Amino acid sequence: MARTCLTIILAAGEGTRMRSDKPKVLHEVGGLPMISHVLRGVIEAGTDAIALVVGNGGNKVGDIASSESDKIELFKQEERLGTAHAVMAAKDALSRRYDDVLVLFGDTALITQDTLLQMRQALANGADVAAVGFQTEDPDGYGRFIVIDEQLIRIREHKEASEEELRISLCNGGIMAINGSKALELVSAIGNRNKRGEYYLTDIVEVASKQGLNVLALEASKEELLGVNTRAELALAESIWQKRARREAMQNGVTMLSPETVFLHHDTKLAPDVVLEPNVFFGRGVEVGSGSTIRAYSHLEGAKIGEGVNIGPFARLRPGSVMDSGSRAGNFVEIKNAHIHAGAKINHLTYIGDADVGSKANIGAGTITCNYDGFNKHKTIIGANVFIGSNSSLVAPVTIGDGAYVASGSVITEDVPIDALGVARGRQTNKEGHAATLRERYRGKNDSS
Ligand code: UD1
Ligand code: CA
């Protein structure tokens with residue numbers, strides 16, 4: 001029979017070192033709160049129940065977590081008295097005696113499924129406690145693993161370690177697997193508040209090994225076990241996550257000319273044969289269809305891009321942009337809440353907002369949809385095969401019929417019918433010889449001064 005599993009996630013930290021009004025675990029990596037990363041990993045690896053321990057300000061954490069899964073039970077740790085005390089906040093869940101108990105931290109966002117499965121395997125193989133550590137040359141701030149004869153006998157917190165212990169490079173990643181039939185007793189036995197007035201979960205190792213139980217040290221990569229306590233560590237977690245996401249996109253058939261300069265969002269969807277030039281930024285909610293190219297220095301957010309579309313260089317697609325197949329948005333073009341139909345071209349220096357641009361329409365350089373009157377947004381409808389001459393302003397609400405032309409430099413305030421030519425600008429007059437006359441006059445002025 002399959003073993004049952006309870007995952008306890010500790011997220012009651014105030015995260016004072018982040019210097020933030022926001023609970024630490026709600027800070028984002030790849031645009032997704034750290035706690036959601038942990039929860040998604042746990043859910044994918046499979047668990048029967050999730051106990052989430054939050055602090056007094058944890059209502060928001062609870063709300064975000066509950067949106068990830070209905071398996072989550074919230075527990076409140078009223079006083080922040082350490083990681084063992086936090087586990088005890090979930091005592092009711094622990095006493096239900098699952099076969100496996102995993103304890104994870106909400107600030108260890110990069111934990112992988114592989115490691116979670118490895119932890120459960122250790123329990124299945126007879127370990128009573130298995131802690132996951134990592135090797136590092138820079139162990140500052142981490143607890144150290146004291147291992148003798150392949151048994152983990154103690155985890156010593158950095159603040160309490162001796163000179164000799166500080167030289168140990170195998171550090172505690174913080175996450176732990178505990179035999180579910182003994183977990184409640186073992187955690188309760190961490191009776192002693194230490195010098196800092198906290199109950200450390202790490203002391204479970206000493207408690208268990210003194211009882212002659214089987215306590216193991218597992219290992220995972222340092223990158224995976226990074227605990228985010230500071231903004232600098234948050235930036236490090238971001239860079240590790242970005243590296244992973246880019247690698248995955250490339251494995252799925254995306255070409256990146258300079259991967260390290262491309263920034264992805266956790267929900268970015270890129271089809272095979274998408275090409276990304278350097279310095280492209282993806283915000284929330286972007287999909288790009290196969291064969292499309294996003295050229296250098298483009299910023300995309302909330303945009304659905306079809307197949308064979310060309311974007312940029314230096315383009316900005318804002319939420320609600322829909323680009324159908326074969327359409328284009330060139331340099332210094334901004335698009336917001338607008339549907340650009342198949343084959344339409346918006347090549348240079350243009351703002352298209354709250355609009356519908358028909359198939360194969362051509363929007364000249366410097367065209368602006370004047371969508372906002374200071375109070376309300378209005379819509380511009382441009383038909384199929386329309387040609388908008390350069391430097392035109394389309395004052396919404398306004399409709400340009402299929403096949404119509406708008407003369408360059410027009411300020412269009414009224415609808416242009418199908419196949420009509422709209423001209424809305426001063427008529428040109430030439431005064432023969434007048435430039436020469438002016439020149440003479442001005443030169444005369446300069447001479448007298
Ligand atoms: C902890 C480990 C340390 C390990 C490091 C890895 C302990 C005592 N120390 O140190 O050995 O090397 O993680 O990143 O376990 N939390 C609560 N309630 C509390 C205290 C903490 O919920 O009363 C939560 C925090 O929100 C956080 C996690 O537990 O998600 C770890 O706490 P933190 O203060 O970040 O521990 P570290 O000092 O990083
Ligand atoms: Ca931490």
# chains A, B, ... in the order shown; residues from 1 in each chain; ligands from 1
call {"tool": "residues_around", "arguments": {"residues": "A:Ile335", "least_positions_apart": "2", "cutoff": "7 Å", "atoms": "only C-alpha atoms", "output": "PyMOL selection string"}}
result
chain A and resi 316-318+321+333+337-338+351-353
call {"tool": "closest_atom_pairs", "arguments": {"of": "chain A", "to": "ligand 1", "cutoff": "6 Å", "atoms": "only C-alpha atoms and all ligand atoms", "output": "tab-separated table"}}
result
residue	atom	partner	partner_atom_place_in_ligand_line	distance
A:Leu10	CA	ligand 1	22 (O)	4.1
A:Ala11	CA	ligand 1	26 (O)	3.7
A:Ala12	CA	ligand 1	22 (O)	3.4
A:Gly13	CA	ligand 1	26 (O)	3.1
A:Arg80	CA	ligand 1	23 (O)	3.7
A:Leu81	CA	ligand 1	23 (O)	4.3
A:Gly82	CA	ligand 1	23 (O)	3.3
A:Thr83	CA	ligand 1	20 (C)	4.3
A:Ala86	CA	ligand 1	18 (N)	4.7
A:Phe105	CA	ligand 1	30 (O)	4.2
A:Gly106	CA	ligand 1	30 (O)	4.3
A:Asp107	CA	ligand 1	30 (O)	4.6
A:Tyr142	CA	ligand 1	12 (O)	3.4
A:Gly143	CA	ligand 1	11 (O)	3.5
A:Glu157	CA	ligand 1	11 (O)	5.4
A:Cys171	CA	ligand 1	12 (O)	5.9
A:Asn172	CA	ligand 1	12 (O)	4.0
A:Gly173	CA	ligand 1	6 (C)	4.3
A:Gly174	CA	ligand 1	6 (C)	4.3
A:Tyr200	CA	ligand 1	8 (C)	4.2
A:Leu201	CA	ligand 1	15 (O)	5.2
A:Thr202	CA	ligand 1	15 (O)	5.2
A:Gly227	CA	ligand 1	14 (O)	4.0
A:Asn229	CA	ligand 1	35 (O)	5.9
call {"tool": "write_last_selection", "arguments": {"atoms": "C-alpha atoms", "output": "mmCIF file, in the first residue's frame"}}
result
data_model
loop_
_atom_site.group_PDB
_atom_site.id
_atom_site.type_symbol
_atom_site.label_atom_id
_atom_site.label_comp_id
_atom_site.auth_asym_id
_atom_site.auth_seq_id
_atom_site.Cartn_x
_atom_site.Cartn_y
_atom_site.Cartn_z
ATOM 1 C CA LEU A 10 6.699 26.766 7.970
ATOM 2 C CA ALA A 11 5.921 30.298 6.933
ATOM 3 C CA ALA A 12 5.481 32.244 10.147
ATOM 4 C CA GLY A 13 8.654 34.235 9.691
ATOM 5 C CA ARG A 80 7.497 33.100 16.985
ATOM 6 C CA LEU A 81 9.469 30.736 19.207
ATOM 7 C CA GLY A 82 11.463 28.836 16.614
ATOM 8 C CA THR A 83 11.070 26.177 13.945
ATOM 9 C CA ALA A 86 6.214 26.217 14.587
ATOM 10 C CA PHE A 105 10.330 26.148 4.753
ATOM 11 C CA GLY A 106 8.300 28.738 2.907
ATOM 12 C CA ASP A 107 11.474 30.688 2.164
ATOM 13 C CA TYR A 142 23.499 28.108 8.006
ATOM 14 C CA GLY A 143 23.336 25.281 10.536
ATOM 15 C CA GLU A 157 23.270 26.492 14.324
ATOM 16 C CA CYS A 171 25.110 22.791 5.799
ATOM 17 C CA ASN A 172 21.510 22.329 6.772
ATOM 18 C CA GLY A 173 19.086 23.153 4.009
ATOM 19 C CA GLY A 174 16.405 23.232 6.682
ATOM 20 C CA TYR A 200 15.004 24.601 17.109
ATOM 21 C CA LEU A 201 13.666 21.879 14.845
ATOM 22 C CA THR A 202 17.269 21.039 14.090
ATOM 23 C CA GLY A 227 16.866 30.077 2.000
ATOM 24 C CA ASN A 229 16.316 35.843 4.347
#
call {"tool": "closest_residue", "arguments": {"among": "A:Leu421, A:Ile146, A:Leu52, A:Leu117", "to": "A:Ala93", "atoms": "only C-alpha atoms"}}
result
A:Leu52
call {"tool": "residues_around", "arguments": {"residues": "A:Val322", "least_positions_apart": "6", "cutoff": "10 Å", "atoms": "only C-alpha atoms", "output": "MDAnalysis selection string"}}
result
chainID A and resid 286:287 302:306 335:341 356
call {"tool": "closest_residue", "arguments": {"among": "A:Thr399, A:Ser410, A:Ser69, A:Thr4", "to": "A:Ser36", "atoms": "only C-alpha atoms"}}
result
A:Ser69
call {"tool": "closest_residue", "arguments": {"among": "A:Ser169, A:Thr16, A:Ser209, A:Gln151", "to": "ligand 2", "atoms": "only C-alpha atoms and all ligand atoms"}}
result
A:Thr16
